[in-house]
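**Student:** My structure is stored as work.txt, with compact mmCIF, C-alpha atoms.
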# COMPACT_ATOMS: atom_id res chain seq x y z
CA LYS S 69 2.78 20.28 -12.61
CA GLN S 70 0.70 17.19 -11.97
CA GLU S 71 -2.24 17.69 -9.61
CA VAL S 72 -4.30 14.83 -8.22
CA THR S 73 -7.79 15.36 -6.83
CA GLN S 74 -9.96 12.91 -4.96
CA ILE S 75 -13.69 13.30 -4.53
CA PRO S 76 -15.42 13.02 -2.16
CA ALA S 77 -13.10 13.95 0.70
CA ALA S 78 -15.21 11.87 3.08
CA LEU S 79 -17.85 9.21 2.62
CA SER S 80 -20.05 7.28 5.03
CA VAL S 81 -22.00 4.23 3.84
CA PRO S 82 -23.92 1.36 5.44
CA GLU S 83 -22.36 -2.09 5.47
CA GLY S 84 -22.94 -4.12 2.32
CA GLU S 85 -23.18 -1.17 -0.04
CA ASN S 86 -21.16 -1.04 -3.24
CA LEU S 87 -19.23 2.22 -3.62
CA VAL S 88 -16.99 4.14 -5.98
CA LEU S 89 -14.10 6.43 -5.09
CA ASN S 90 -12.94 8.92 -7.67
CA CYS S 91 -9.49 10.19 -8.60
CA SER S 92 -8.66 12.74 -11.28
CA PHE S 93 -5.31 14.01 -12.52
CA THR S 94 -4.41 17.00 -14.65
CA ASP S 95 -1.60 15.55 -16.79
CA SER S 96 -2.65 12.45 -18.74
CA ALA S 97 0.95 11.51 -19.52
CA ILE S 98 1.20 9.17 -16.59
CA TYR S 99 3.36 6.08 -16.23
CA ASN S 100 1.32 4.03 -13.74
CA LEU S 101 -1.33 4.65 -11.08
CA GLN S 102 -1.45 3.14 -7.62
CA TRP S 103 -4.24 2.98 -5.03
CA PHE S 104 -3.44 2.79 -1.32
CA ARG S 105 -5.34 2.59 1.93
CA GLN S 106 -4.16 4.21 5.15
CA ASP S 107 -5.49 3.33 8.57
CA PRO S 108 -5.27 5.97 11.33
CA GLY S 109 -1.73 6.32 12.63
CA LYS S 110 -0.40 3.75 10.17
CA GLY S 111 1.58 3.72 6.96
CA LEU S 112 0.17 3.15 3.49
CA THR S 113 -0.90 -0.26 2.26
CA SER S 114 -0.75 -0.85 -1.47
CA LEU S 115 -4.06 -2.06 -2.91
CA LEU S 116 -3.64 -2.05 -6.67
CA LEU S 117 -1.18 -0.87 -9.31
CA ILE S 118 -2.55 -0.13 -12.78
CA GLN S 119 -0.02 0.17 -15.56
CA SER S 120 -0.60 2.89 -18.13
CA SER S 121 -1.42 0.29 -20.79
CA GLN S 122 -4.14 -1.30 -18.66
CA ARG S 123 -7.78 -0.26 -18.33
CA GLU S 124 -8.50 -1.98 -15.05
CA GLN S 125 -7.11 -4.16 -12.29
CA THR S 126 -8.94 -6.39 -9.82
CA SER S 127 -8.07 -7.73 -6.39
CA GLY S 128 -10.78 -9.48 -4.40
CA ARG S 129 -13.65 -7.05 -3.79
CA LEU S 130 -11.65 -4.18 -5.28
CA ASN S 131 -11.66 -3.09 -8.89
CA ALA S 132 -9.72 -0.09 -10.15
CA SER S 133 -10.17 1.44 -13.58
CA LEU S 134 -8.01 3.88 -15.48
CA ASP S 135 -8.97 6.27 -18.29
CA LYS S 136 -5.83 8.19 -19.18
CA SER S 137 -7.44 10.31 -21.88
CA SER S 138 -9.94 11.81 -19.44
CA GLY S 139 -7.48 11.86 -16.55
CA ARG S 140 -9.58 9.67 -14.27
CA SER S 141 -9.40 6.56 -12.17
CA THR S 142 -12.04 4.94 -10.02
CA LEU S 143 -11.80 2.43 -7.19
CA TYR S 144 -14.86 0.24 -6.86
CA ILE S 145 -15.41 -1.56 -3.56
CA ALA S 146 -18.03 -4.29 -3.60
CA ALA S 147 -20.07 -5.33 -0.58
CA SER S 148 -18.37 -2.92 1.80
CA GLN S 149 -17.48 -4.04 5.33
CA PRO S 150 -16.63 -2.09 8.52
CA GLY S 151 -13.03 -3.26 8.08
CA ASP S 152 -12.87 -1.24 4.86
CA SER S 153 -13.03 1.96 6.92
CA ALA S 154 -9.84 3.88 6.17
CA THR S 155 -8.49 6.68 4.04
CA TYR S 156 -8.00 5.73 0.41
CA LEU S 157 -5.25 7.48 -1.53
CA CYS S 158 -4.68 7.61 -5.25
CA ALA S 159 -1.19 8.30 -6.61
CA VAL S 160 0.08 8.75 -10.18
CA PHE S 161 3.54 8.08 -11.52
CA THR S 162 4.94 10.70 -13.87
CA GLY S 163 8.37 11.52 -15.27
CA GLY S 164 8.87 8.03 -16.67
CA GLY S 165 7.95 6.55 -13.31
CA ASN S 166 10.34 8.72 -11.35
CA LYS S 167 7.81 10.72 -9.38
CA LEU S 168 4.70 9.69 -7.47
CA THR S 169 2.11 12.41 -6.85
CA PHE S 170 -0.60 11.74 -4.29
CA GLY S 171 -4.14 12.99 -3.92
CA THR S 172 -5.40 14.11 -0.52
CA GLY S 173 -7.48 10.99 -0.07
CA THR S 174 -11.07 9.92 0.58
CA GLN S 175 -11.90 9.07 4.18
CA LEU S 176 -14.32 6.14 4.12
CA LYS S 177 -16.47 4.98 7.01
CA VAL S 178 -18.55 1.84 6.68
CA GLU S 179 -21.18 1.62 9.37
CA LEU S 180 -22.90 -1.43 10.81
CA GLU H 168 8.72 -11.59 3.84
CA ALA H 169 9.36 -8.59 6.05
CA GLY H 170 8.00 -5.26 4.91
CA VAL H 171 9.63 -1.86 5.14
CA VAL H 172 10.86 -1.26 8.67
CA GLN H 173 11.12 2.16 10.25
CA SER H 174 12.25 3.38 13.63
CA PRO H 175 11.44 5.03 15.87
CA ARG H 176 7.66 5.01 15.48
CA TYR H 177 7.25 8.16 17.53
CA LYS H 178 9.62 10.96 18.47
CA ILE H 179 9.06 14.09 20.54
CA ILE H 180 11.83 16.68 20.61
CA GLU H 181 12.25 20.34 21.43
CA LYS H 182 12.87 22.79 18.62
CA LYS H 183 16.48 23.29 17.61
CA GLN H 184 17.34 19.72 18.61
CA PRO H 185 18.57 17.16 16.05
CA VAL H 186 16.61 14.04 15.14
CA ALA H 187 17.24 11.01 12.94
CA PHE H 188 14.97 8.43 11.37
CA TRP H 189 16.01 5.01 10.15
CA CYS H 190 14.58 2.85 7.35
CA ASN H 191 15.25 -0.70 6.23
CA PRO H 192 13.63 -1.42 2.83
CA ILE H 193 12.29 -4.70 1.50
CA SER H 194 15.13 -7.02 0.60
CA GLY H 195 16.12 -6.66 -3.04
CA HIS H 196 14.43 -3.29 -3.55
CA ASN H 197 16.87 -0.94 -5.22
CA THR H 198 14.75 2.19 -4.98
CA LEU H 199 14.13 3.87 -1.65
CA TYR H 200 11.99 6.93 -0.95
CA TRP H 201 11.50 9.29 1.96
CA TYR H 202 8.17 11.10 2.11
CA LEU H 203 6.70 13.70 4.43
CA GLN H 204 3.00 13.56 5.26
CA ASN H 205 1.17 16.40 6.96
CA LEU H 206 -2.19 15.82 8.62
CA GLY H 207 -4.98 15.43 6.10
CA GLN H 208 -2.62 15.48 3.14
CA GLY H 209 -1.08 12.92 0.85
CA PRO H 210 2.63 12.12 1.18
CA GLU H 211 5.13 14.39 -0.56
CA LEU H 212 8.47 13.13 -1.80
CA LEU H 213 11.58 14.39 -0.02
CA ILE H 214 14.26 12.24 -1.64
CA ARG H 215 14.61 9.18 -3.86
CA TYR H 216 17.55 6.79 -3.98
CA GLU H 217 18.54 4.37 -6.70
CA ASN H 218 20.86 2.04 -4.82
CA GLU H 219 23.17 4.37 -2.91
CA GLU H 220 22.73 7.36 -5.21
CA ALA H 221 20.31 10.18 -4.41
CA VAL H 222 18.75 10.76 -7.83
CA ASP H 223 16.01 13.20 -6.79
CA ASP H 224 16.48 15.43 -3.77
CA SER H 225 14.90 18.53 -5.26
CA GLN H 226 12.25 18.73 -2.50
CA LEU H 227 14.64 18.16 0.38
CA PRO H 228 15.28 21.35 2.45
CA LYS H 229 19.02 21.00 2.38
CA ASP H 230 19.72 23.70 4.92
CA ARG H 231 18.47 21.45 7.70
CA PHE H 232 17.69 18.05 6.21
CA SER H 233 20.18 15.40 5.14
CA ALA H 234 19.93 11.78 4.14
CA GLU H 235 22.19 8.91 3.36
CA ARG H 236 21.90 5.36 2.09
CA LEU H 237 25.18 3.67 2.74
CA LYS H 238 25.79 0.40 0.87
CA GLY H 239 22.49 0.86 -0.94
CA VAL H 240 20.35 -0.78 1.75
CA ASP H 241 19.39 1.02 4.96
CA SER H 242 18.80 4.73 4.96
CA THR H 243 18.84 7.52 7.53
CA LEU H 244 17.06 10.86 7.33
CA LYS H 245 18.28 13.59 9.64
CA ILE H 246 16.94 17.00 10.64
CA GLN H 247 19.24 19.50 12.35
CA PRO H 248 18.02 21.74 13.83
CA ALA H 249 14.34 20.81 14.00
CA GLU H 250 11.69 23.50 13.72
CA LEU H 251 8.07 23.53 14.89
CA GLY H 252 6.89 23.20 11.29
CA ASP H 253 8.73 19.90 10.90
CA SER H 254 6.08 18.14 12.97
CA ALA H 255 4.66 15.52 10.60
CA VAL H 256 4.84 11.84 9.73
CA TYR H 257 7.96 10.75 7.88
CA LEU H 258 7.38 7.76 5.66
CA CYS H 259 9.88 5.48 4.00
CA ALA H 260 8.97 3.41 0.96
CA SER H 261 10.78 1.05 -1.38
CA SER H 262 10.27 -0.51 -4.80
CA GLN H 263 12.16 -2.84 -7.10
CA GLY H 264 12.77 -0.01 -9.53
CA GLN H 265 11.39 3.30 -10.68
CA GLY H 266 7.73 3.14 -11.62
CA ASP H 267 7.21 -0.15 -9.82
CA GLU H 268 4.72 -0.70 -7.00
CA GLN H 269 5.80 1.13 -3.87
CA TYR H 270 5.60 -0.39 -0.41
CA PHE H 271 5.49 1.83 2.64
CA GLY H 272 6.71 1.49 6.19
CA PRO H 273 4.60 2.45 9.22
CA GLY H 274 6.18 5.89 9.44
CA THR H 275 7.72 7.97 12.20
CA ARG H 276 5.47 10.56 13.80
CA LEU H 277 7.60 13.55 14.78
CA THR H 278 6.39 16.18 17.22
CA VAL H 279 8.54 19.27 17.70
CA THR H 280 7.66 21.33 20.79
Take the structure from the file and write it as structure tokens.

**Tutor:**
Amino acid sequence: KQEVTQIPAALSVPEGENLVLNCSFTDSAIYNLQWFRQDPGKGLTSLLLIQSSQREQTSGRLNASLDKSSGRSTLYIAASQPGDSATYLCAVFTGGGNKLTFGTGTQLKVEL
Amino acid sequence: EAGVVQSPRYKIIEKKQPVAFWCNPISGHNTLYWYLQNLGQGPELLIRYENEEAVDDSQLPKDRFSAERLKGVDSTLKIQPAELGDSAVYLCASSQGQGDEQYFGPGTRLTVT
């Protein structure tokens, strides 16, 4: 059974700092990996999708990497802003892309 | 382009009452998902549709939960009767196909009293 872990569970940083969120998964036979953000009381917003053949994916100030062999992905946020405050969720596709398993998320707070 | 639409956004009911949630996916998305999210947890899949066919409902508590996706577009998730432990956020998502990027709706927050 695939298990996804995100560390740390919560993180508070000053504005402008670069930061890294970690995601690890137990079964390396994944199809794709997707990062989301969730604002309080809202649904999930897709940030990046990394296909299993890719090593990294970039969107603006976000960069996500994938190392299937070690079962890890990282989300790098450059020059953090207060608007980045949210919960960040990592999810892996398994079963040929049929099933998406989520981590419990990292709650990020960027302070002025 | 409109995103995934869900209604209602909030619902408060007494236990043993029925409740239904509605979802309209992104136009052209063949795959539709219903997830349940408890506080402080990631979403967990309840059911997945490919067009109008439920291809994975292994996590759906079939004694009280049911779902349908008539004509392969909109979907409804129903709970009857609701229990206190059903209080959670119910999320709908869609994608073009299996393994493709999933897009989520705002969710329905259910409170059972």

**Student:** Work out how far apart atom CA of H:Leu203 and atom CA of H:Ser254 are and give it in Å to one decimal.

**Tutor:**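 Atom CA of H:Ser254 lies at a distance of 9.6 Å from atom CA of H:Leu203.
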
**Student:** Could you check which of S:Ala132, S:Leu112, S:Leu101, S:Leu143 is closest to S:Leu168, using only C-alpha atoms?

**Tutor:**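 Among the listed residues, the smallest separation from S:Leu168 belongs to S:Leu101.
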
**Student:** One decimal, in Å: what's the spacing between atom CA of H:Leu277 and atom CA of H:Val186?

**Tutor:** 9.0 Å

**Student:** Considering only C-alpha atoms, return as a list in words whatever protein or nucleic-acid residues lie within 7 Å of H:Val240, sequence-local ones (same chain, fewer than 3 positions apart) excluded.

**Tutor:** Asn191, Pro192, Arg236 and Leu237 of chain H

**Student:** List every residue of chain S that has an atom at most 6 Å from any atom of chain H, and for each one report the closest atom pair and its distance in Å to one decimal, counting all atoms listed in the file, with rows sorted by chain and then by increasing residue number, as CSV.

**Tutor:**
residue,atom,partner,partner_atom,distance
S:Lys110,CA,H:Pro273,CA,5.3
S:Gly111,CA,H:Pro273,CA,4.0
S:Leu112,CA,H:Phe271,CA,5.5
S:Gly165,CA,H:Gly266,CA,3.8
S:Asn166,CA,H:Gln265,CA,5.6
S:Phe170,CA,H:Gly209,CA,5.3
S:Gly171,CA,H:Gly209,CA,5.7
S:Thr172,CA,H:Gly209,CA,4.7

**Student:** Deliver the residues from the most recent selection as a file, using C-alpha atoms, as an mmCIF file, in the frame of the given file.

**Tutor:**
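Below is the file that was written, selection_36.cif:
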data_model
loop_
_atom_site.group_PDB
_atom_site.id
_atom_site.type_symbol
_atom_site.label_atom_id
_atom_site.label_comp_id
_atom_site.auth_asym_id
_atom_site.auth_seq_id
_atom_site.Cartn_x
_atom_site.Cartn_y
_atom_site.Cartn_z
ATOM 1 C CA LYS S 110 -0.400 3.750 10.170
ATOM 2 C CA GLY S 111 1.580 3.720 6.960
ATOM 3 C CA LEU S 112 0.170 3.150 3.490
ATOM 4 C CA GLY S 165 7.950 6.550 -13.310
ATOM 5 C CA ASN S 166 10.340 8.720 -11.350
ATOM 6 C CA PHE S 170 -0.600 11.740 -4.290
ATOM 7 C CA GLY S 171 -4.140 12.990 -3.920
ATOM 8 C CA THR S 172 -5.400 14.110 -0.520
#

**Student:** Between H:Gln173, H:Gly252, H:Arg231, H:Ser261, single out the one closest to H:Tyr216, counting only C-alpha atoms.

**Tutor:**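 Among the listed residues, H:Ser261 lies closest to H:Tyr216.
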
**Student:** Mind giving me the axis-aligned box for stretch 243-254 of chain H with 8 Å on every side, centre plus edges in Å to one decimal, as AutoDock Vina command-line options?

**Tutor:**
--center_x 12.7 --center_y 15.5 --center_z 11.1 --size_x 29.2 --size_y 32.0 --size_z 23.6

**Student:** Need the shell around S:Leu89: protein/DNA/RNA residues with any atom at most 7 Å away, counting all atoms listed in the file. Skip same-chain ones fewer than 6 positions apart. Format as a PyMOL selection string?

**Tutor:** chain S and resi 75+142-144

**Student:** When distances are computed from all atoms listed in the file, which of S:Ala77, S:Ile118, S:Leu176, S:Ala146 shows the smallest separation from S:Ala159?

**Tutor:**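 Of all the options, S:Ile118 lies closest to S:Ala159.
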
**Student:** Can you tell me which residues surround stretch 122-127 of chain S at a distance of at most 12 Å, considering only C-alpha atoms, apart from same-chain residues fewer than 2 positions away, and format the answer as a ChimeraX atom specification?

**Tutor:** /S:98-103,114-120,129-137,140-146

**Student:** Expressed in Å to a single decimal, how great is the separation between atom CA of H:Ile193 and atom CA of H:Gly239?

**Tutor:**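 These atoms are spaced 11.9 Å apart.
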
**Student:** Measuring atom to atom with all atoms listed in the file, identify which of S:Leu79, S:Val178, S:Ala97, S:Val72 is nearest to S:Ala147.

**Tutor:**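 Closest to S:Ala147 of all the choices is S:Val178.
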
**Student:** With all atoms listed in the file as the counted atoms, please give the residues lying no more than 8 Å from S:Gln175, apart from itself and same-chain residues fewer than 5 positions off, as an mmCIF file with C-alpha atoms, in the frame of the given file.

**Tutor:**
data_model
loop_
_atom_site.group_PDB
_atom_site.id
_atom_site.type_symbol
_atom_site.label_atom_id
_atom_site.label_comp_id
_atom_site.auth_asym_id
_atom_site.auth_seq_id
_atom_site.Cartn_x
_atom_site.Cartn_y
_atom_site.Cartn_z
ATOM 1 C CA ALA S 77 -13.100 13.950 0.700
ATOM 2 C CA ALA S 78 -15.210 11.870 3.080
ATOM 3 C CA LEU S 79 -17.850 9.210 2.620
ATOM 4 C CA SER S 153 -13.030 1.960 6.920
ATOM 5 C CA ALA S 154 -9.840 3.880 6.170
ATOM 6 C CA THR S 155 -8.490 6.680 4.040
ATOM 7 C CA TYR S 156 -8.000 5.730 0.410
#

**Student:** Neighbourhood query: residues within 7 Å of (-15.5, -1.7, 6.2), file coordinates, counting only C-alpha atoms; return as an mmCIF file with C-alpha atoms, keeping the file's coordinate frame.

**Tutor:**
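Everything below was put into part_21.cif:
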data_model
loop_
_atom_site.group_PDB
_atom_site.id
_atom_site.type_symbol
_atom_site.label_atom_id
_atom_site.label_comp_id
_atom_site.auth_asym_id
_atom_site.auth_seq_id
_atom_site.Cartn_x
_atom_site.Cartn_y
_atom_site.Cartn_z
ATOM 1 C CA GLU S 83 -22.360 -2.090 5.470
ATOM 2 C CA SER S 148 -18.370 -2.920 1.800
ATOM 3 C CA GLN S 149 -17.480 -4.040 5.330
ATOM 4 C CA PRO S 150 -16.630 -2.090 8.520
ATOM 5 C CA GLY S 151 -13.030 -3.260 8.080
ATOM 6 C CA ASP S 152 -12.870 -1.240 4.860
ATOM 7 C CA SER S 153 -13.030 1.960 6.920
ATOM 8 C CA LYS S 177 -16.470 4.980 7.010
ATOM 9 C CA VAL S 178 -18.550 1.840 6.680
#
